[in-house]
$ cat upload-v2.cif   # mmCIF, C-alpha atoms and all ligand atoms
data_run
#
loop_
_atom_site.label_atom_id
_atom_site.label_comp_id
_atom_site.auth_asym_id
_atom_site.auth_seq_id
_atom_site.Cartn_x
_atom_site.Cartn_y
_atom_site.Cartn_z
CA MET A 1 -43.76 73.77 -23.84
CA THR A 2 -40.31 75.20 -23.23
CA VAL A 3 -40.24 78.98 -23.70
CA THR A 4 -36.85 80.69 -23.35
CA ARG A 5 -35.78 84.26 -23.94
CA PHE A 6 -32.88 86.59 -24.63
CA ALA A 7 -33.41 90.00 -23.04
CA PRO A 8 -30.73 92.52 -24.05
CA SER A 9 -30.59 96.10 -22.76
CA PRO A 10 -29.96 98.71 -25.47
CA ASN A 11 -27.28 100.58 -23.54
CA GLY A 12 -24.32 99.34 -25.58
CA SER A 13 -23.58 97.08 -28.52
CA LEU A 14 -23.79 93.31 -28.10
CA HIS A 15 -20.54 91.33 -27.83
CA LEU A 16 -19.57 87.67 -28.05
CA GLY A 17 -20.94 86.96 -24.56
CA HIS A 18 -24.38 88.06 -25.74
CA ALA A 19 -24.06 85.95 -28.87
CA TYR A 20 -23.29 82.95 -26.69
CA SER A 21 -26.22 83.69 -24.38
CA ALA A 22 -28.67 84.14 -27.25
CA ILE A 23 -27.48 80.93 -28.92
CA VAL A 24 -27.83 78.93 -25.68
CA ALA A 25 -31.39 80.21 -25.13
CA HIS A 26 -32.29 79.71 -28.80
CA ASP A 27 -30.91 76.16 -28.93
CA LEU A 28 -32.51 75.10 -25.64
CA ALA A 29 -35.90 76.13 -27.01
CA LYS A 30 -35.41 74.61 -30.44
CA SER A 31 -34.01 71.30 -29.15
CA ARG A 32 -37.12 70.91 -27.00
CA GLY A 33 -39.62 71.93 -29.66
CA GLY A 34 -40.26 75.19 -27.83
CA ARG A 35 -40.28 78.95 -28.48
CA PHE A 36 -37.43 81.44 -28.30
CA LEU A 37 -38.39 85.04 -27.43
CA VAL A 38 -36.44 88.28 -27.65
CA ARG A 39 -37.38 91.18 -25.37
CA ILE A 40 -35.69 94.57 -25.46
CA GLU A 41 -35.12 95.79 -21.89
CA ASP A 42 -35.21 99.51 -22.51
CA ILE A 43 -36.40 101.12 -19.30
CA ASP A 44 -33.10 102.53 -18.16
CA GLY A 45 -34.01 106.02 -19.30
CA THR A 46 -30.59 107.53 -18.75
CA ARG A 47 -28.53 105.10 -20.82
CA SER A 48 -30.99 103.47 -23.21
CA ARG A 49 -30.41 104.13 -26.94
CA PRO A 50 -33.46 103.05 -28.98
CA SER A 51 -31.45 102.75 -32.22
CA LEU A 52 -29.53 99.84 -30.71
CA ALA A 53 -32.61 97.61 -30.78
CA GLU A 54 -32.39 97.58 -34.58
CA GLU A 55 -28.69 96.76 -34.38
CA PHE A 56 -29.46 93.84 -32.02
CA ARG A 57 -32.01 92.40 -34.46
CA ALA A 58 -29.47 92.57 -37.27
CA ASP A 59 -26.86 90.88 -35.07
CA LEU A 60 -29.18 88.01 -34.10
CA ALA A 61 -30.27 87.45 -37.70
CA TRP A 62 -26.60 87.49 -38.76
CA LEU A 63 -25.96 84.67 -36.26
CA GLY A 64 -28.73 82.69 -37.96
CA LEU A 65 -31.17 82.81 -35.05
CA GLU A 66 -34.94 82.88 -35.40
CA TRP A 67 -37.06 84.40 -32.67
CA GLU A 68 -40.39 85.91 -31.72
CA GLU A 69 -40.04 89.45 -30.47
CA VAL A 70 -42.26 90.36 -27.54
CA PRO A 71 -43.05 93.96 -26.47
CA ALA A 72 -40.17 96.04 -25.14
CA GLN A 73 -40.22 97.05 -21.48
CA SER A 74 -41.04 100.67 -22.27
CA SER A 75 -44.50 99.58 -23.40
CA ARG A 76 -45.22 97.75 -20.15
CA LEU A 77 -44.92 100.52 -17.59
CA ALA A 78 -48.53 100.21 -16.41
CA SER A 79 -48.01 96.61 -15.33
CA TYR A 80 -44.93 97.61 -13.30
CA GLU A 81 -46.83 100.38 -11.57
CA ALA A 82 -49.75 98.10 -10.78
CA ALA A 83 -47.46 95.48 -9.22
CA ALA A 84 -45.60 98.11 -7.20
CA THR A 85 -48.90 99.49 -5.92
CA ARG A 86 -49.99 96.03 -4.92
CA LEU A 87 -46.78 95.37 -3.00
CA ARG A 88 -47.06 98.75 -1.33
CA GLU A 89 -50.64 97.97 -0.29
CA MET A 90 -49.40 94.69 1.14
CA GLY A 91 -47.10 96.79 3.35
CA LEU A 92 -43.96 95.32 1.80
CA LEU A 93 -42.35 98.44 0.26
CA TYR A 94 -40.85 101.41 2.02
CA PRO A 95 -39.49 104.67 0.65
CA CYS A 96 -35.76 105.31 0.79
CA ARG A 97 -33.79 108.48 0.13
CA CYS A 98 -30.30 107.20 0.82
CA THR A 99 -27.61 107.94 -1.75
CA ARG A 100 -25.22 105.27 -3.03
CA ALA A 101 -22.40 106.87 -1.06
CA GLU A 102 -24.42 106.81 2.15
CA ILE A 103 -25.24 103.16 1.63
CA ALA A 104 -21.64 102.23 0.86
CA ALA A 105 -20.51 104.05 3.99
CA ALA A 106 -23.14 102.44 6.20
CA ALA A 107 -23.33 98.95 4.72
CA LEU A 108 -22.11 96.25 7.04
CA THR A 109 -22.08 93.36 4.60
CA LYS A 110 -21.31 92.85 0.97
CA GLY A 111 -23.89 90.97 -1.06
CA PRO A 112 -23.69 89.33 -4.46
CA ASP A 113 -24.31 92.69 -6.15
CA GLY A 114 -22.31 95.04 -3.94
CA PRO A 115 -22.98 96.55 -0.54
CA VAL A 116 -26.14 95.33 1.12
CA TYR A 117 -28.53 98.09 2.10
CA PRO A 118 -28.46 98.27 5.90
CA GLY A 119 -32.15 99.13 6.21
CA THR A 120 -31.66 102.74 7.29
CA CYS A 121 -35.08 103.89 6.04
CA ARG A 122 -36.99 100.75 7.01
CA GLY A 123 -39.93 101.65 9.20
CA ALA A 124 -39.73 105.35 8.23
CA ASP A 125 -42.90 107.32 7.60
CA ASP A 126 -43.84 106.80 3.96
CA ASP A 127 -45.27 110.26 3.67
CA PHE A 128 -42.19 112.29 2.83
CA ALA A 129 -42.07 114.32 -0.35
CA GLY A 130 -39.51 114.40 -3.15
CA PRO A 131 -37.97 111.66 -5.23
CA VAL A 132 -37.58 108.41 -3.40
CA ALA A 133 -36.81 104.83 -4.27
CA TRP A 134 -39.10 102.09 -2.98
CA ARG A 135 -37.42 99.11 -1.39
CA LEU A 136 -38.75 95.65 -0.66
CA ASP A 137 -38.76 94.77 3.04
CA VAL A 138 -37.28 91.35 2.38
CA ARG A 139 -37.57 89.95 5.90
CA LYS A 140 -41.23 90.95 6.13
CA ALA A 141 -41.88 89.58 2.64
CA LEU A 142 -40.21 86.25 3.47
CA ALA A 143 -42.29 86.00 6.63
CA GLN A 144 -45.38 86.33 4.43
CA SER A 145 -44.27 83.96 1.71
CA GLY A 146 -42.74 81.27 3.92
CA PRO A 147 -39.72 79.24 2.76
CA LEU A 148 -39.27 79.06 -1.02
CA THR A 149 -37.27 76.90 -3.37
CA TRP A 150 -36.41 77.13 -7.05
CA ILE A 151 -34.65 74.99 -9.61
CA ASP A 152 -31.68 75.75 -11.83
CA GLU A 153 -31.32 73.03 -14.46
CA LEU A 154 -27.56 72.93 -13.98
CA ALA A 155 -27.14 73.69 -10.28
CA GLY A 156 -30.20 71.78 -9.01
CA GLU A 157 -32.72 72.78 -6.35
CA GLN A 158 -32.01 75.98 -4.43
CA ILE A 159 -33.42 77.32 -1.19
CA ALA A 160 -34.36 80.91 -1.96
CA ARG A 161 -32.12 83.38 -0.09
CA PRO A 162 -33.34 86.82 -1.21
CA ASP A 163 -32.17 88.13 2.15
CA LEU A 164 -28.56 87.88 0.93
CA ALA A 165 -29.17 90.80 -1.45
CA GLY A 166 -30.88 92.86 1.28
CA ASP A 167 -33.84 95.19 0.74
CA VAL A 168 -33.53 95.65 -3.02
CA VAL A 169 -34.95 98.67 -4.85
CA LEU A 170 -38.10 97.83 -6.84
CA VAL A 171 -39.12 101.34 -7.92
CA ARG A 172 -36.50 103.91 -8.75
CA LYS A 173 -38.25 107.26 -8.99
CA GLU A 174 -35.16 109.42 -9.02
CA ALA A 175 -33.88 107.86 -12.26
CA ASP A 176 -37.29 108.26 -13.85
CA THR A 177 -37.73 104.52 -14.24
CA PRO A 178 -40.94 103.03 -12.92
CA ALA A 179 -39.38 99.70 -12.01
CA SER A 180 -35.99 98.27 -11.22
CA TYR A 181 -34.55 95.36 -13.17
CA HIS A 182 -35.81 92.90 -10.54
CA LEU A 183 -39.46 93.91 -10.71
CA ALA A 184 -39.62 94.43 -14.48
CA VAL A 185 -37.90 91.20 -15.49
CA THR A 186 -40.00 89.08 -13.10
CA LEU A 187 -43.25 90.53 -14.38
CA ASP A 188 -42.18 90.31 -18.02
CA ASP A 189 -41.05 86.70 -17.87
CA ALA A 190 -44.42 85.77 -16.34
CA ALA A 191 -46.38 87.84 -18.87
CA ASP A 192 -44.44 86.31 -21.77
CA GLY A 193 -44.98 82.76 -20.52
CA VAL A 194 -41.25 82.11 -20.14
CA SER A 195 -40.85 78.63 -18.64
CA LEU A 196 -37.03 78.44 -18.74
CA VAL A 197 -35.30 81.68 -17.73
CA THR A 198 -32.00 81.41 -19.59
CA ARG A 199 -29.21 83.86 -18.78
CA GLY A 200 -25.62 84.07 -17.57
CA MET A 201 -24.61 82.76 -14.18
CA ASP A 202 -23.60 86.29 -13.17
CA LEU A 203 -27.33 86.82 -12.58
CA PHE A 204 -27.76 83.73 -10.38
CA ALA A 205 -28.16 85.73 -7.17
CA ALA A 206 -30.92 87.85 -8.70
CA SER A 207 -33.05 84.73 -9.14
CA HIS A 208 -33.43 84.43 -5.35
CA VAL A 209 -35.10 87.85 -5.38
CA HIS A 210 -37.21 87.01 -8.42
CA ARG A 211 -38.48 83.81 -6.77
CA LEU A 212 -39.68 85.88 -3.80
CA LEU A 213 -41.44 88.38 -6.07
CA GLN A 214 -43.18 85.52 -7.89
CA ALA A 215 -44.51 84.22 -4.58
CA LEU A 216 -45.70 87.65 -3.44
CA LEU A 217 -47.41 88.48 -6.74
CA GLY A 218 -48.85 85.02 -7.40
CA LEU A 219 -46.85 84.52 -10.60
CA PRO A 220 -45.97 81.17 -12.17
CA VAL A 221 -42.56 79.79 -11.24
CA PRO A 222 -40.25 78.95 -14.15
CA VAL A 223 -37.13 76.81 -14.13
CA TRP A 224 -33.81 78.65 -14.55
CA HIS A 225 -30.77 77.88 -16.68
CA HIS A 226 -27.79 80.02 -15.69
CA HIS A 227 -25.16 79.30 -18.28
CA ALA A 228 -21.36 79.66 -18.09
CA LEU A 229 -19.76 82.98 -19.10
CA LEU A 230 -17.25 83.92 -21.76
CA LEU A 231 -14.13 85.34 -20.16
CA ASP A 232 -11.43 87.68 -21.43
CA ALA A 233 -7.77 86.71 -21.44
CA ASP A 234 -7.47 88.11 -17.90
CA GLY A 235 -10.35 85.94 -16.67
CA THR A 236 -12.96 88.68 -16.39
CA LYS A 237 -16.41 88.47 -17.88
CA LEU A 238 -16.81 90.13 -21.27
CA ALA A 239 -18.69 93.37 -20.71
CA LYS A 240 -20.08 96.22 -22.75
CA ARG A 241 -18.32 98.78 -20.63
CA ARG A 242 -14.94 97.13 -21.15
CA ASN A 243 -15.26 97.60 -24.88
CA SER A 244 -15.32 93.95 -25.82
CA PRO A 245 -15.41 93.78 -29.65
CA SER A 246 -19.01 94.23 -30.76
CA LEU A 247 -21.00 91.83 -32.91
CA ALA A 248 -22.02 94.80 -35.06
CA ASN A 249 -18.39 95.59 -35.89
CA ARG A 250 -17.68 91.98 -36.77
CA ARG A 251 -20.81 91.86 -38.94
CA ARG A 252 -19.98 95.11 -40.72
CA ALA A 253 -16.43 93.91 -41.31
CA GLY A 254 -17.85 91.02 -43.31
CA GLU A 255 -17.29 88.17 -40.84
CA ASP A 256 -19.47 85.10 -41.38
CA GLY A 257 -22.06 85.13 -38.56
CA LEU A 258 -23.22 81.56 -39.16
CA ALA A 259 -19.66 80.30 -38.89
CA LEU A 260 -19.17 82.29 -35.69
CA ALA A 261 -22.35 80.77 -34.23
CA THR A 262 -21.05 77.30 -35.08
CA THR A 263 -17.71 77.91 -33.38
CA LEU A 264 -19.50 79.16 -30.25
CA ARG A 265 -21.80 76.11 -30.23
CA GLU A 266 -18.83 73.80 -30.53
CA GLY A 267 -16.91 75.61 -27.80
CA ARG A 268 -14.13 76.57 -30.23
CA LEU A 269 -13.70 80.09 -28.90
CA PRO A 270 -11.82 82.93 -30.55
CA ALA A 271 -8.25 83.47 -29.36
CA GLY A 272 -7.98 84.99 -25.91
CA ILE A 273 -11.48 83.97 -24.85
CA THR A 274 -12.40 81.12 -22.55
CA LEU A 275 -15.60 79.71 -21.12
CA SER A 276 -15.94 79.76 -17.34
CA GLU A 277 -16.75 76.60 -15.44
CA GLY A 278 -20.51 76.02 -15.53
CA LEU A 279 -22.82 75.51 -12.56
CA ASP A 280 -22.89 71.77 -13.29
CA GLY A 281 -19.11 71.69 -12.99
CA THR A 282 -18.42 71.29 -16.69
CA PRO A 283 -16.00 73.72 -18.38
N1 LIG B 1 -31.36 92.91 -19.59
C1 LIG B 1 -30.36 92.20 -18.84
C2 LIG B 1 -29.00 92.48 -19.42
O1 LIG B 1 -28.88 92.88 -20.56
C3 LIG B 1 -30.57 90.70 -18.84
C4 LIG B 1 -31.72 90.32 -18.06
C5 LIG B 1 -31.95 88.86 -17.84
O2 LIG B 1 -31.54 88.04 -18.67
O3 LIG B 1 -32.58 88.54 -16.85
O4 LIG B 1 -28.04 92.28 -18.70
#
$ encode --input "upload-v2.cif" --output "structure tokens" --more "lines below"
Ligand code: GLU
Amino acid sequence: MTVTRFAPSPNGSLHLGHAYSAIVAHDLAKSRGGRFLVRIEDIDGTRSRPSLAEEFRADLAWLGLEWEEVPAQSSRLASYEAAATRLREMGLLYPCRCTRAEIAAAALTKGPDGPVYPGTCRGADDDFAGPVAWRLDVRKALAQSGPLTWIDELAGEQIARPDLAGDVVLVRKEADTPASYHLAVTLDDAADGVSLVTRGMDLFAASHVHRLLQALLGLPVPVWHHHALLLDADGTKLAKRRNSPSLANRRRAGEDGLALATTLREGRLPAGITLSEGLDGTP
């Protein structure tokens, strides 16, 4: 059975791009007789605002969506810790104290998500005190897993290249979060039985890392669907931090959410907004 999900982070109000993403995931599940899940990704302790989860539910209902809500990330910390311990025992994590500035200054290559960590702390003694992040030794992990592939419904079969992102952080002690996005989302999708990971194509590169984690942790391998993105008039992705108009404001102003959902489904986008080209080449 097809199980998709929408996994918003409560660090800012949802905007049209989220509405589009939720509708795509919802409709993929419903058109295949499957289930559509919503999971609140609330483990970013510094920016997370719990009251936003309620706002998100109201927004999704306003759009006419029906979903099953699964437990929020904050209630799953033990599973993240257990997985991190396992990876550490497999010798695949190493502690790192480097600051962002140090990494930016030292990084030799730029990856899909910014400067690639140059491996400064790789091989260091793991016995030093104080707050540290734990990074995945990607080359060592790939040597253990062997070559991996994964499938995006739109882009086709991919050879996993987690090495392009470098040694990603999996445990971020200094920010008081027990798991990074990569570790938490991979474990959650497996625990929730998600068979079709549906999200924007801006997260395509992350899926290479997630495929590696699935292999290391013996998790089931879903299929992915990285959909096209809504773009602003200047061609940039709509983003919370750029103050794209929120769904909550539109809802409170009395706009018809069902009508908005219909226009998004039909690709009739509000003025000034366009849809990027998709991974299958369609606009
Ligand atoms: N929580 C992530 C976000 O709001 C999405 C995670 C995902 O879909 O994999 O950007």
$ residues_around --input "upload-v2.cif" --residues "Leu269 of chain A" --least-positions-apart "3" --cutoff "12 Å" --atoms "all atoms listed in the file" --output "MDAnalysis selection string"
chainID A and resid 16:17 19:20 229:233 259:266 272:276
$ closest_residue --input "upload-v2.cif" --among "A:Asp256, A:Asp202, A:Glu69, A:Asp192" --to "Thr2 of chain A" --atoms "only C-alpha atoms"
A:Asp192
$ closest_residue --input "upload-v2.cif" --among "A:Thr186, A:Thr236, A:Ser246, A:Gln158" --to "ligand LIG 1 (chain B)" --atoms "only C-alpha atoms and all ligand atoms"
A:Thr186
$ residues_near_ligand --input "upload-v2.cif" --ligand "ligand LIG 1 (chain B)" --cutoff "9 Å" --atoms "all atoms listed in the file" --output "list in words"
Arg5, Phe6, Ala7, Pro8, Ser9, Pro10, Asn11, His18, Ser21, Arg39, Ile40, Glu41, Asp42, Tyr181, His182, Val185, Thr186, Asp189, Val197, Thr198, Arg199, Gly200, Leu203, Ala206 and Ser207 of chain A
$ write_last_selection --input "upload-v2.cif" --atoms "C-alpha atoms" --output "CSV table (one decimal), keeping the file's coordinate frame"
chain,number,residue,atom,x,y,z
A,5,ARG,CA,-35.8,84.3,-23.9
A,6,PHE,CA,-32.9,86.6,-24.6
A,7,ALA,CA,-33.4,90.0,-23.0
A,8,PRO,CA,-30.7,92.5,-24.0
A,9,SER,CA,-30.6,96.1,-22.8
A,10,PRO,CA,-30.0,98.7,-25.5
A,11,ASN,CA,-27.3,100.6,-23.5
A,18,HIS,CA,-24.4,88.1,-25.7
A,21,SER,CA,-26.2,83.7,-24.4
A,39,ARG,CA,-37.4,91.2,-25.4
A,40,ILE,CA,-35.7,94.6,-25.5
A,41,GLU,CA,-35.1,95.8,-21.9
A,42,ASP,CA,-35.2,99.5,-22.5
A,181,TYR,CA,-34.6,95.4,-13.2
A,182,HIS,CA,-35.8,92.9,-10.5
A,185,VAL,CA,-37.9,91.2,-15.5
A,186,THR,CA,-40.0,89.1,-13.1
A,189,ASP,CA,-41.0,86.7,-17.9
A,197,VAL,CA,-35.3,81.7,-17.7
A,198,THR,CA,-32.0,81.4,-19.6
A,199,ARG,CA,-29.2,83.9,-18.8
A,200,GLY,CA,-25.6,84.1,-17.6
A,203,LEU,CA,-27.3,86.8,-12.6
A,206,ALA,CA,-30.9,87.8,-8.7
A,207,SER,CA,-33.0,84.7,-9.1
$ atom_distance --input "upload-v2.cif" --atom1 "atom CA of Ala133 of chain A" --atom2 "atom CA of Asp167 of chain A"
11.3 Å
$ atom_distance --input "upload-v2.cif" --atom1 "atom CA of His226 of chain A" --atom2 "atom CA of Arg47 of chain A"
25.6 Å
$ residues_around --input "upload-v2.cif" --residues "Pro147 of chain A" --least-positions-apart "6" --cutoff "10 Å" --atoms "all atoms listed in the file" --output "VMD selection string"
chain A and resid 159 to 161 212
$ write_last_selection --input "upload-v2.cif" --atoms "C-alpha atoms" --output "PDB file, in the coordinates of the input"
ATOM      1  CA  ILE A 159     -33.420  77.320  -1.190  1.00  0.00           C
ATOM      2  CA  ALA A 160     -34.360  80.910  -1.960  1.00  0.00           C
ATOM      3  CA  ARG A 161     -32.120  83.380  -0.090  1.00  0.00           C
ATOM      4  CA  LEU A 212     -39.680  85.880  -3.800  1.00  0.00           C
TER       5      LEU A 212
END
$ atom_distance --input "upload-v2.cif" --atom1 "atom CA of Gly33 of chain A" --atom2 "atom CA of Leu60 of chain A"
19.7 Å
$ residues_around --input "upload-v2.cif" --residues "Leu93 of chain A" --least-positions-apart "4" --cutoff "8 Å" --atoms "all atoms listed in the file" --output "list of chain:residue names"
A:Leu87, A:Arg88, A:Trp134, A:Arg135, A:Leu136, A:Asp137
$ closest_residue --input "upload-v2.cif" --among "A:Cys98, A:Leu196, A:Leu63, A:Leu92" --to "Arg35 of chain A" --atoms "all atoms listed in the file"
A:Leu196
$ axis_aligned_box --input "upload-v2.cif" --around "segment 248-267 of chain A" --padding-each-side "6 Å" --output "AutoDock Vina command-line options"
--center_x -19.8 --center_y 84.7 --center_z -35.6 --size_x 18.8 --size_y 33.8 --size_z 27.5
$ closest_residue --input "upload-v2.cif" --among "A:Val169, A:Ala228, A:Ile43, A:Ala179" --to "Leu154 of chain A" --atoms "all atoms listed in the file"
A:Ala228
$ closest_residue --input "upload-v2.cif" --among "A:Leu216, A:Asp113, A:Asp152, A:Ser180" --to "Val138 of chain A" --atoms "all atoms listed in the file"
A:Leu216
$ closest_residue --input "upload-v2.cif" --among "A:Trp67, A:Ser13, A:Val132, A:Thr149" --to "Thr99 of chain A" --atoms "only C-alpha atoms"
A:Val132
$ decode --input "upload-v2.cif" --residues "segment 59-82 of chain A" --atoms "N, CA and C atoms" --output "PDB file, in the first residue's frame"
ATOM      1  N   ASP A  59      -4.532  24.789   8.956  1.00  0.00           N
ATOM      2  CA  ASP A  59      -4.247  25.098   7.549  1.00  0.00           C
ATOM      3  C   ASP A  59      -4.585  23.906   6.646  1.00  0.00           C
ATOM      4  N   LEU A  60      -4.159  22.709   7.063  1.00  0.00           N
ATOM      5  CA  LEU A  60      -4.369  21.521   6.221  1.00  0.00           C
ATOM      6  C   LEU A  60      -5.853  21.183   6.110  1.00  0.00           C
ATOM      7  N   ALA A  61      -6.574  21.350   7.213  1.00  0.00           N
ATOM      8  CA  ALA A  61      -8.023  21.099   7.182  1.00  0.00           C
ATOM      9  C   ALA A  61      -8.709  22.121   6.277  1.00  0.00           C
ATOM     10  N   TRP A  62      -8.241  23.372   6.344  1.00  0.00           N
ATOM     11  CA  TRP A  62      -8.789  24.452   5.509  1.00  0.00           C
ATOM     12  C   TRP A  62      -8.613  24.139   4.020  1.00  0.00           C
ATOM     13  N   LEU A  63      -7.510  23.449   3.687  1.00  0.00           N
ATOM     14  CA  LEU A  63      -7.261  23.065   2.291  1.00  0.00           C
ATOM     15  C   LEU A  63      -8.094  21.845   1.882  1.00  0.00           C
ATOM     16  N   GLY A  64      -8.800  21.274   2.848  1.00  0.00           N
ATOM     17  CA  GLY A  64      -9.661  20.129   2.548  1.00  0.00           C
ATOM     18  C   GLY A  64      -8.943  18.793   2.592  1.00  0.00           C
ATOM     19  N   LEU A  65      -7.767  18.751   3.219  1.00  0.00           N
ATOM     20  CA  LEU A  65      -7.011  17.500   3.269  1.00  0.00           C
ATOM     21  C   LEU A  65      -7.440  16.656   4.464  1.00  0.00           C
ATOM     22  N   GLU A  66      -7.318  15.350   4.306  1.00  0.00           N
ATOM     23  CA  GLU A  66      -7.560  14.424   5.410  1.00  0.00           C
ATOM     24  C   GLU A  66      -6.281  13.636   5.617  1.00  0.00           C
ATOM     25  N   TRP A  67      -5.915  13.437   6.876  1.00  0.00           N
ATOM     26  CA  TRP A  67      -4.631  12.789   7.141  1.00  0.00           C
ATOM     27  C   TRP A  67      -4.702  12.010   8.440  1.00  0.00           C
ATOM     28  N   GLU A  68      -3.674  11.167   8.625  1.00  0.00           N
ATOM     29  CA  GLU A  68      -3.467  10.503   9.922  1.00  0.00           C
ATOM     30  C   GLU A  68      -2.237  11.153  10.518  1.00  0.00           C
ATOM     31  N   GLU A  69      -2.340  11.647  11.727  1.00  0.00           N
ATOM     32  CA  GLU A  69      -1.156  12.262  12.331  1.00  0.00           C
ATOM     33  C   GLU A  69      -0.378  11.206  13.111  1.00  0.00           C
ATOM     34  N   VAL A  70       0.904  11.133  12.852  1.00  0.00           N
ATOM     35  CA  VAL A  70       1.770  10.195  13.569  1.00  0.00           C
ATOM     36  C   VAL A  70       2.564  10.985  14.609  1.00  0.00           C
ATOM     37  N   PRO A  71       3.187  10.320  15.588  1.00  0.00           N
ATOM     38  CA  PRO A  71       3.849  11.059  16.666  1.00  0.00           C
ATOM     39  C   PRO A  71       4.915  12.052  16.174  1.00  0.00           C
ATOM     40  N   ALA A  72       4.967  13.181  16.845  1.00  0.00           N
ATOM     41  CA  ALA A  72       5.946  14.218  16.518  1.00  0.00           C
ATOM     42  C   ALA A  72       7.352  13.719  16.879  1.00  0.00           C
ATOM     43  N   GLN A  73       8.351  14.342  16.279  1.00  0.00           N
ATOM     44  CA  GLN A  73       9.724  13.879  16.512  1.00  0.00           C
ATOM     45  C   GLN A  73      10.138  13.970  17.975  1.00  0.00           C
ATOM     46  N   SER A  74       9.615  14.961  18.681  1.00  0.00           N
ATOM     47  CA  SER A  74      10.052  15.133  20.076  1.00  0.00           C
ATOM     48  C   SER A  74       9.691  13.934  20.953  1.00  0.00           C
ATOM     49  N   SER A  75       8.782  13.089  20.489  1.00  0.00           N
ATOM     50  CA  SER A  75       8.428  11.918  21.296  1.00  0.00           C
ATOM     51  C   SER A  75       9.216  10.679  20.857  1.00  0.00           C
ATOM     52  N   ARG A  76      10.189  10.876  19.989  1.00  0.00           N
ATOM     53  CA  ARG A  76      10.892   9.708  19.431  1.00  0.00           C
ATOM     54  C   ARG A  76      12.389   9.738  19.726  1.00  0.00           C
ATOM     55  N   LEU A  77      12.768  10.536  20.722  1.00  0.00           N
ATOM     56  CA  LEU A  77      14.203  10.767  20.937  1.00  0.00           C
ATOM     57  C   LEU A  77      14.968   9.480  21.250  1.00  0.00           C
ATOM     58  N   ALA A  78      14.296   8.538  21.947  1.00  0.00           N
ATOM     59  CA  ALA A  78      14.996   7.307  22.328  1.00  0.00           C
ATOM     60  C   ALA A  78      15.410   6.517  21.090  1.00  0.00           C
ATOM     61  N   SER A  79      14.574   6.534  20.063  1.00  0.00           N
ATOM     62  CA  SER A  79      14.931   5.756  18.868  1.00  0.00           C
ATOM     63  C   SER A  79      16.115   6.402  18.148  1.00  0.00           C
ATOM     64  N   TYR A  80      16.206   7.735  18.205  1.00  0.00           N
ATOM     65  CA  TYR A  80      17.356   8.402  17.564  1.00  0.00           C
ATOM     66  C   TYR A  80      18.644   8.053  18.310  1.00  0.00           C
ATOM     67  N   GLU A  81      18.546   8.073  19.640  1.00  0.00           N
ATOM     68  CA  GLU A  81      19.745   7.776  20.435  1.00  0.00           C
ATOM     69  C   GLU A  81      20.206   6.344  20.213  1.00  0.00           C
ATOM     70  N   ALA A  82      19.229   5.432  20.131  1.00  0.00           N
ATOM     71  CA  ALA A  82      19.595   4.019  19.944  1.00  0.00           C
ATOM     72  C   ALA A  82      20.298   3.826  18.595  1.00  0.00           C
TER      73      ALA A  82
END
